[in-house]
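Structure record follows, encoded as structure tokens.
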Amino acid sequence: MVLFWRTLLAAPVAWRDRNKVFEQFFEIGNASLLMVCILSFFIGGVMALQTGPVLVERGLASAVGGVVGISICKELAPVMMSILIAGRIGSAMAAEIGSMRVYQEIDALRTMNINPIHYLVVPRITAISVALPLLVVFAILVGWLGGIFVCMANNRIEISFQGFVSGLQEVVQMKDVANGVFKSFVFAIIIGVVSCHQGLVTRGGPRGIGRSVTKAVVNSIVLIVIFDYVLTRILLT
């Protein structure tokens with residue numbers, strides 16, 4: 001919480017160091033885009049495969065698109081993509097900053113009168129808080145495409161493209177997509193703050209770096225799940 005507050009106060013520095021922000025942003029996007037595409041496509045496919053036959057057998061074929069669409073945009077896309085980013089990007093943040101801490105590079109920054117939070121933390125948190133919501137929007141679209149593909153290809157479902165999309169439009173509203181994007185924004189801040197904090201408090205050489213990376217990923221995932229419930233409860237009121 002202290003690091004989050006200090007980062008929030010230093011947020012205007014992000015524009016001055018926008019080159020570092022863009023560098024981190026493109027690194028997060030390029031490193032994660034293919035994995036996000038594969039994961040979201042098969043998540044949508046699995047959702048359609050699990051729910052489609054059950055709904056079709058009960059005469060609710062028109063509801064398949066809505067069930068798959070709402071579950072992806074409000075829960076599965078923001079949570080699963082955040083967990084993916086925590087493992088891929090959060091661990092890299094903790095390892096990079098942790099190694100700088102162990103090898104006294106952060107002390108050298110302070111000696112040169114450079115604030116480590118301004119130089120290391122703010123660009124990373126700013127970049128991930130922009131990149132993750134964009135990745136989630138992409139994941140939602142690809143997840144819907146995966147659901148459509150399975151519904152059209154599976155003999156037990158056999159729902160047309162138009163049937164899936166019409167059911168999707170009846171249930172999913174723009175605010176549902178906005179809820180998922182807002183959740184991903186909060187999760188991005190959690191991942192960035194937790195990972196940078198674990199890197200800054202690293203002690204004990206290479207073994208300490210490994211512990212910090214593990215703690216960063218585990219703590220991020222636990223907080224994502226907890227805040228997912230809290231945000232869902234708030235957004236449903």
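As shown in the structure tokens, the chain order sets the letters A, B, ...; within each chain, residues go from 1, and ligands are also counted from 1 in the order they appear.
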Margin query: as a ChimeraX atom specification, please: the residues near Leu3 in chain A (cut-off 12 Å, only C-alpha atoms, same-chain neighbours under 6 positions excluded).
Written below: /A:9-10,116-118,121-122,125,189-190,192-201
Can you spit out the residues from that selection as a PDB file, in the first residue's frame, using N, CA and C atoms?
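Contents of part.pdb, freshly written:
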ATOM      1  N   LEU A   9       1.528   9.213  -6.223  1.00  0.00           N
ATOM      2  CA  LEU A   9       1.998  10.596  -6.107  1.00  0.00           C
ATOM      3  C   LEU A   9       3.004  10.942  -7.208  1.00  0.00           C
ATOM      4  N   ALA A  10       3.751   9.938  -7.647  1.00  0.00           N
ATOM      5  CA  ALA A  10       4.774  10.165  -8.677  1.00  0.00           C
ATOM      6  C   ALA A  10       4.247   9.943 -10.089  1.00  0.00           C
ATOM      7  N   PRO A 116      14.410   5.661  -7.237  1.00  0.00           N
ATOM      8  CA  PRO A 116      14.124   4.358  -7.857  1.00  0.00           C
ATOM      9  C   PRO A 116      12.658   4.176  -8.226  1.00  0.00           C
ATOM     10  N   ILE A 117      11.753   4.767  -7.445  1.00  0.00           N
ATOM     11  CA  ILE A 117      10.331   4.630  -7.765  1.00  0.00           C
ATOM     12  C   ILE A 117      10.010   5.358  -9.065  1.00  0.00           C
ATOM     13  N   HIS A 118      10.569   6.566  -9.234  1.00  0.00           N
ATOM     14  CA  HIS A 118      10.354   7.302 -10.475  1.00  0.00           C
ATOM     15  C   HIS A 118      10.977   6.575 -11.666  1.00  0.00           C
ATOM     16  N   VAL A 121       9.709   1.983 -11.024  1.00  0.00           N
ATOM     17  CA  VAL A 121       8.360   1.502 -10.706  1.00  0.00           C
ATOM     18  C   VAL A 121       7.298   2.179 -11.558  1.00  0.00           C
ATOM     19  N   VAL A 122       7.330   3.509 -11.633  1.00  0.00           N
ATOM     20  CA  VAL A 122       6.267   4.239 -12.336  1.00  0.00           C
ATOM     21  C   VAL A 122       6.131   3.817 -13.795  1.00  0.00           C
ATOM     22  N   ILE A 125       4.426   0.199 -13.922  1.00  0.00           N
ATOM     23  CA  ILE A 125       3.018   0.151 -13.517  1.00  0.00           C
ATOM     24  C   ILE A 125       2.149   0.888 -14.538  1.00  0.00           C
ATOM     25  N   ILE A 189      -2.762  -3.020 -11.890  1.00  0.00           N
ATOM     26  CA  ILE A 189      -2.102  -2.254 -10.831  1.00  0.00           C
ATOM     27  C   ILE A 189      -1.625  -3.188  -9.716  1.00  0.00           C
ATOM     28  N   ILE A 190      -2.441  -4.175  -9.370  1.00  0.00           N
ATOM     29  CA  ILE A 190      -2.045  -5.141  -8.342  1.00  0.00           C
ATOM     30  C   ILE A 190      -0.775  -5.878  -8.760  1.00  0.00           C
ATOM     31  N   GLY A 192       1.529  -5.004 -10.963  1.00  0.00           N
ATOM     32  CA  GLY A 192       2.674  -4.113 -11.024  1.00  0.00           C
ATOM     33  C   GLY A 192       3.206  -3.746  -9.654  1.00  0.00           C
ATOM     34  N   VAL A 193       2.318  -3.394  -8.739  1.00  0.00           N
ATOM     35  CA  VAL A 193       2.752  -2.969  -7.397  1.00  0.00           C
ATOM     36  C   VAL A 193       3.372  -4.137  -6.643  1.00  0.00           C
ATOM     37  N   VAL A 194       2.710  -5.292  -6.669  1.00  0.00           N
ATOM     38  CA  VAL A 194       3.230  -6.455  -5.931  1.00  0.00           C
ATOM     39  C   VAL A 194       4.578  -6.900  -6.492  1.00  0.00           C
ATOM     40  N   SER A 195       4.703  -6.957  -7.800  1.00  0.00           N
ATOM     41  CA  SER A 195       5.947  -7.427  -8.414  1.00  0.00           C
ATOM     42  C   SER A 195       7.093  -6.456  -8.155  1.00  0.00           C
ATOM     43  N   CYS A 196       6.831  -5.165  -8.309  1.00  0.00           N
ATOM     44  CA  CYS A 196       7.892  -4.175  -8.054  1.00  0.00           C
ATOM     45  C   CYS A 196       8.275  -4.163  -6.584  1.00  0.00           C
ATOM     46  N   HIS A 197       7.290  -4.313  -5.702  1.00  0.00           N
ATOM     47  CA  HIS A 197       7.594  -4.327  -4.267  1.00  0.00           C
ATOM     48  C   HIS A 197       8.470  -5.519  -3.904  1.00  0.00           C
ATOM     49  N   GLN A 198       8.130  -6.691  -4.435  1.00  0.00           N
ATOM     50  CA  GLN A 198       8.943  -7.869  -4.138  1.00  0.00           C
ATOM     51  C   GLN A 198      10.359  -7.708  -4.680  1.00  0.00           C
ATOM     52  N   GLY A 199      10.494  -7.052  -5.825  1.00  0.00           N
ATOM     53  CA  GLY A 199      11.835  -6.801  -6.333  1.00  0.00           C
ATOM     54  C   GLY A 199      12.624  -5.842  -5.466  1.00  0.00           C
ATOM     55  N   LEU A 200      11.970  -4.804  -4.964  1.00  0.00           N
ATOM     56  CA  LEU A 200      12.662  -3.797  -4.160  1.00  0.00           C
ATOM     57  C   LEU A 200      13.095  -4.323  -2.792  1.00  0.00           C
ATOM     58  N   VAL A 201      12.400  -5.334  -2.266  1.00  0.00           N
ATOM     59  CA  VAL A 201      12.742  -5.857  -0.933  1.00  0.00           C
ATOM     60  C   VAL A 201      13.551  -7.143  -1.020  1.00  0.00           C
TER      61      VAL A 201
END
Note to self: Env of range 12-27 of chain A: 6 Å cut, atoms = only C-alpha atoms, seq-sep filter 2 positions within chain, self excluded. Answer as an MDAnalysis selection string.
What the structure shows: chainID A and resid 10 29:31 123 127
Could you write out that same residue set with all heavy atoms as an mmCIF file, in the first residue's frame?
data_model
loop_
_atom_site.group_PDB
_atom_site.id
_atom_site.type_symbol
_atom_site.label_atom_id
_atom_site.label_comp_id
_atom_site.auth_asym_id
_atom_site.auth_seq_id
_atom_site.Cartn_x
_atom_site.Cartn_y
_atom_site.Cartn_z
ATOM 1 N N ALA A 10 3.751 9.938 -7.647
ATOM 2 C CA ALA A 10 4.774 10.165 -8.677
ATOM 3 C C ALA A 10 4.247 9.943 -10.089
ATOM 4 O O ALA A 10 5.025 9.960 -11.043
ATOM 5 C CB ALA A 10 5.964 9.247 -8.424
ATOM 6 N N GLY A 29 3.157 -6.185 -24.503
ATOM 7 C CA GLY A 29 2.258 -6.572 -25.580
ATOM 8 C C GLY A 29 2.851 -7.622 -26.498
ATOM 9 O O GLY A 29 2.216 -8.646 -26.783
ATOM 10 N N ASN A 30 4.077 -7.403 -26.958
ATOM 11 C CA ASN A 30 4.694 -8.350 -27.890
ATOM 12 C C ASN A 30 4.943 -9.705 -27.239
ATOM 13 O O ASN A 30 4.831 -10.755 -27.885
ATOM 14 C CB ASN A 30 6.008 -7.779 -28.425
ATOM 15 C CG ASN A 30 5.793 -6.579 -29.325
ATOM 16 O OD1 ASN A 30 4.727 -6.424 -29.908
ATOM 17 N ND2 ASN A 30 6.789 -5.715 -29.422
ATOM 18 N N ALA A 31 5.298 -9.688 -25.958
ATOM 19 C CA ALA A 31 5.609 -10.948 -25.279
ATOM 20 C C ALA A 31 4.354 -11.756 -24.975
ATOM 21 O O ALA A 31 4.435 -12.977 -24.815
ATOM 22 C CB ALA A 31 6.371 -10.660 -23.987
ATOM 23 N N PRO A 123 7.209 3.724 -14.590
ATOM 24 C CA PRO A 123 7.030 3.297 -15.991
ATOM 25 C C PRO A 123 6.430 1.903 -16.121
ATOM 26 O O PRO A 123 5.597 1.673 -17.016
ATOM 27 C CB PRO A 123 8.459 3.339 -16.549
ATOM 28 C CG PRO A 123 9.192 4.289 -15.688
ATOM 29 C CD PRO A 123 8.619 4.102 -14.319
ATOM 30 N N ALA A 127 2.753 1.224 -17.758
ATOM 31 C CA ALA A 127 2.681 0.412 -18.977
ATOM 32 C C ALA A 127 1.743 -0.778 -18.808
ATOM 33 O O ALA A 127 0.908 -1.045 -19.685
ATOM 34 C CB ALA A 127 4.080 -0.068 -19.357
#
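The shortest atom-to-atom distance to Ser166 in chain A, with only C-alpha atoms taken into account, belongs to A:Ala61 out of A:Ala61, A:Ser32, A:Ala77, A:Val54.
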Item checked: Distance in Å - CA of Gly52 in chain A versus CA of Leu135 in chain A -> 26.2 Å
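Among the candidates A:Val172, A:Leu223, A:Leu132, A:Ala216, the one nearest to Trp144 in chain A when counting only C-alpha atoms is A:Val172.
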Each residue of range 11-56 of chain A with at least one atom at most 7 Å from range 149-156 of chain A should appear once, together with its nearest atom pair and the corresponding distance in Å (one decimal); atoms considered: only C-alpha atoms; ordering: chain, then increasing residue number; output as JSON lines.
{"residue": "A:Gly45", "atom": "CA", "partner": "A:Val150", "partner_atom": "CA", "distance": 5.5}
{"residue": "A:Ala48", "atom": "CA", "partner": "A:Cys151", "partner_atom": "CA", "distance": 6.4}
{"residue": "A:Leu49", "atom": "CA", "partner": "A:Val150", "partner_atom": "CA", "distance": 6.7}
{"residue": "A:Pro53", "atom": "CA", "partner": "A:Arg156", "partner_atom": "CA", "distance": 5.7}
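Interatomic distance, CA of Val79 in chain A against CA of Ile221 in chain A: 9.1 Å.
If only C-alpha atoms are the atoms counted, then among A:Val142, A:Trp5, A:Met47, A:Ile234 the closest residue to Gly66 in chain A is A:Met47.
Interatomic distance, CA of Val217 in chain A against CA of Thr126 in chain A: 18.7 Å.
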Next item on the list: Might you pull out every residue within 10 Å of Ser220 in chain A, with only C-alpha atoms counted and same-chain residues fewer than 5 positions away left off, and present them as a PyMOL selection string?
Entry: chain A and resi 82-83+85-87+90-91+187-195+214-215+225-226
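With only C-alpha atoms as the atoms that count, the minimum distance from Gly44 in chain A to the choices A:Arg58, A:Ser160, A:Gly147, A:Met93 is reached by A:Gly147.
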